[in-house]
Amino acid sequence: MADASNSTIARPFDSAAIAEAAALIVAGQPVAVPTETVYGLAADARNAEAVARIYAAKGRPDFNPLIVHVPDLDAAERLGVFGAVERQLAARFWPGPLTLVVPRAADCPVASIATAGLDTIAIRVPGHRAMQALLAESGAPLAAPSANASGRVSPTKAGHVLASLDGRIALVIDDGPTSAGVESTIARVRDGAVEVLRPGPVTTEMLAAASGLSVTGVEGSEIVAPGMLASHYAPGKPVRLGAVDFAEDEFGIGFGAVAGDYDLSASGDLTEAAARLFDALHAGAASAKAKIAVAAIPVEGLGAAINDRLARAAV
């Protein structure tokens with residue numbers, strides 16, 4: 001994250017600005033960049049700590065599945081598993097404001113924190129020249145929620161980004177106001193229908209016409225929203241929280257001075273811990289030990305998100 005004592009730099013879109021932004025992406029830092037929907041806060045989706053810095057910059061109370069942006073369908077199919085209908089929708093609406101939720105590919109390099117530990121991934125091919133240029137220059141799939149502080153209105157201009165994130169990130173690329181002005185439609189294909197998880201610029205009617213299927217789920221099925229994913233965090237074993245030591249039959253997840261079989265952060269860094277959380281739970285689930293125990297995590301900052309997910313895992 002940028003030093004709070006320093007202002008965020010706004011650069012007008014050009015090749016030099018994109019090169020600067022790409023260098024920050026490669027260094028594991030998030031940058032704000034316009035898409036055709038809203039300005040996004042982008043980071044390398046393969047880098048868990050870089051993704052954690054998105055949440056830290058936003059001051060987000062919990063972390064949710066993020067949309068991963070790629071340059072084209074070929075790149076998308078390296079991350080997720082696409083069926084015939086998903087390919088139809090991609091051919092019709094990509095590049096553009098449609099996000100498709102598909103199963104993660106077996107060798108998907110995207111960090112678990114970007115998909116909130118799920119076995120699915122939300123992917124979009126953006127149509128905006130700035131985001132496409134950053135994808136090309138950085139060579140990375142980019143996780144990018146809206147570039148605003150948690151609870152604030154999504155930004156459609158660089159000035160909106162600066163109003164809530166100034167000093168929290170290093171750079172925003174300014175390419176004027178976005179065209180769509182609302183976040184992308186999120187959809188998935190399930191049970192022979194297209195299910196809308198978040199309404200957006202690609203309408204129900206447009207999806208039905210392109211797919212030839214019925215379209216459902218416009219109301220109340222936003223599995224990508226906060227608080228809707230509790231069952232996905234369960235590792236299939238009893239989970240004990242607030243541990244100061246670990247029993248022989250427990251896979252210990254350590255933090256700070258409490259060392260375990262898998263340490264979230266030996267130095268007590270919450271950003272590092274957030275980045276490693278889902279991998280730690282997967283490791284515990286795969287271990288030979290019958291139970292999992294987790295050291296106490298402070299509740300401030302990203303610690304609130306970590307404790308939220310651990311509480312759900314322990315249910």
# chains A, B, ... in the order shown; residues from 1 in each chain; ligands from 1

$ residues_around --residues "Val244 (chain A)" --least-positions-apart "2" --cutoff "8 Å" --atoms "only C-alpha atoms" --output "list in words"
Gly242, Phe246, Val258, Ala295 and Ala296 of chain A

$ residues_around --residues "Pro30 (chain A)" --least-positions-apart "3" --cutoff "9 Å" --atoms "only C-alpha atoms" --output "VMD selection string"
chain A and resid 1 21 24 to 25 41 to 44 50 to 51 53 to 54 57 144 169 to 171

$ residues_around --residues "Ala304 (chain A)" --least-positions-apart "2" --cutoff "12 Å" --atoms "only C-alpha atoms" --output "list of chain:residue names"
A:Tyr55, A:Ala56, A:Gly59, A:Arg60, A:Pro61, A:Asp62, A:Phe63, A:Leu270, A:Thr271, A:Ala273, A:Ala274, A:Ala296, A:Ile297, A:Pro298, A:Val299, A:Glu300, A:Gly301, A:Leu302, A:Ile306, A:Asn307, A:Asp308, A:Arg309, A:Leu310, A:Ala311

$ write_last_selection --atoms "C-alpha atoms" --output "compact mmCIF listing (two decimals), in the first residue's frame"
# COMPACT_ATOMS: atom_id res chain seq x y z
CA TYR A 55 -8.47 -5.40 0.54
CA ALA A 56 -6.11 -3.44 2.75
CA GLY A 59 -10.45 -1.07 4.04
CA ARG A 60 -12.85 -3.83 3.12
CA PRO A 61 -14.49 -5.52 6.13
CA ASP A 62 -14.28 -8.95 4.51
CA PHE A 63 -12.82 -10.43 1.37
CA LEU A 270 -2.20 -9.29 8.72
CA THR A 271 -1.78 -8.72 4.99
CA ALA A 273 -1.94 -13.74 6.91
CA ALA A 274 -4.92 -12.84 4.72
CA ALA A 296 -5.64 -16.09 17.79
CA ILE A 297 -5.74 -13.33 15.14
CA PRO A 298 -6.22 -9.65 16.08
CA VAL A 299 -9.53 -8.22 14.87
CA GLU A 300 -8.31 -4.88 13.56
CA GLY A 301 -7.94 -4.16 9.83
CA LEU A 302 -7.81 -7.31 7.70
CA ILE A 306 -9.70 -13.32 8.65
CA ASN A 307 -11.69 -13.91 11.84
CA ASP A 308 -14.97 -13.80 9.91
CA ARG A 309 -13.79 -16.56 7.57
CA LEU A 310 -12.33 -18.62 10.41
CA ALA A 311 -15.58 -18.35 12.37

$ residues_around --residues "Val102 (chain A)" --least-positions-apart "2" --cutoff "8 Å" --atoms "only C-alpha atoms" --output "list in words"
Gly80, Val81, Phe82, Leu100, Arg104, Thr120, Ile121, Ala122, Ile123, Arg188 and Val189 of chain A

$ write_last_selection --atoms "N, CA and C atoms" --output "tab-separated table (two decimals), in the first residue's frame"
chain	number	residue	atom	x	y	z
A	80	GLY	N	-10.12	-21.10	-16.29
A	80	GLY	CA	-11.39	-21.73	-15.96
A	80	GLY	C	-11.82	-22.71	-17.03
A	81	VAL	N	-12.84	-23.51	-16.69
A	81	VAL	CA	-13.37	-24.55	-17.58
A	81	VAL	C	-14.65	-24.01	-18.23
A	82	PHE	N	-14.63	-23.87	-19.54
A	82	PHE	CA	-15.74	-23.30	-20.29
A	82	PHE	C	-16.46	-24.38	-21.08
A	100	LEU	N	-18.30	-14.09	-16.31
A	100	LEU	CA	-18.77	-15.47	-16.28
A	100	LEU	C	-18.11	-16.22	-15.13
A	104	ARG	N	-12.87	-23.51	-11.67
A	104	ARG	CA	-11.43	-23.28	-11.80
A	104	ARG	C	-10.81	-24.41	-12.59
A	120	THR	N	-14.69	-22.25	-8.00
A	120	THR	CA	-15.09	-21.53	-9.20
A	120	THR	C	-14.29	-20.24	-9.29
A	121	ILE	N	-14.32	-19.62	-10.47
A	121	ILE	CA	-13.61	-18.37	-10.70
A	121	ILE	C	-14.47	-17.46	-11.57
A	122	ALA	N	-14.50	-16.18	-11.24
A	122	ALA	CA	-15.25	-15.19	-12.00
A	122	ALA	C	-14.28	-14.49	-12.95
A	123	ILE	N	-14.58	-14.55	-14.26
A	123	ILE	CA	-13.65	-14.05	-15.28
A	123	ILE	C	-14.36	-13.08	-16.21
A	188	ARG	N	-23.68	-17.29	-14.45
A	188	ARG	CA	-23.10	-18.62	-14.59
A	188	ARG	C	-24.13	-19.52	-15.24
A	189	VAL	N	-23.67	-20.59	-15.86
A	189	VAL	CA	-24.56	-21.58	-16.47
A	189	VAL	C	-24.71	-22.73	-15.49

$ atom_distance --atom1 "CA of Arg78 (chain A)" --atom2 "CA of Cys108 (chain A)"
6.8 Å

$ closest_residue --among "A:Val31, A:Ala116, A:Val153, A:Ala314" --to "Val172 (chain A)" --atoms "only C-alpha atoms"
A:Val31

$ closest_atom_pairs --of "region 10-53 of chain A" --to "region 93-97 of chain A" --cutoff "9 Å" --atoms "only C-alpha atoms" --output "Markdown table"
| residue | atom | partner | partner_atom | distance |
| --- | --- | --- | --- | --- |
| A:Thr35 | CA | A:Pro97 | CA | 8.9 |
| A:Glu36 | CA | A:Pro97 | CA | 7.2 |
| A:Thr37 | CA | A:Pro97 | CA | 6.5 |

$ write_last_selection --atoms "N, CA, C and O atoms" --output "PDB file, in the first residue's frame"
ATOM      1  N   THR A  35     -12.113   0.669 -16.473  1.00  0.00           N
ATOM      2  CA  THR A  35     -12.696  -0.292 -17.403  1.00  0.00           C
ATOM      3  C   THR A  35     -13.926   0.393 -17.987  1.00  0.00           C
ATOM      4  O   THR A  35     -14.225   1.538 -17.639  1.00  0.00           O
ATOM      5  N   GLU A  36     -14.642  -0.289 -18.849  1.00  0.00           N
ATOM      6  CA  GLU A  36     -15.850   0.332 -19.400  1.00  0.00           C
ATOM      7  C   GLU A  36     -16.981   0.413 -18.377  1.00  0.00           C
ATOM      8  O   GLU A  36     -17.947   1.146 -18.561  1.00  0.00           O
ATOM      9  N   THR A  37     -16.864  -0.327 -17.261  1.00  0.00           N
ATOM     10  CA  THR A  37     -17.911  -0.307 -16.241  1.00  0.00           C
ATOM     11  C   THR A  37     -17.606   0.745 -15.177  1.00  0.00           C
ATOM     12  O   THR A  37     -18.259   1.776 -15.114  1.00  0.00           O
TER      13      THR A  37
END
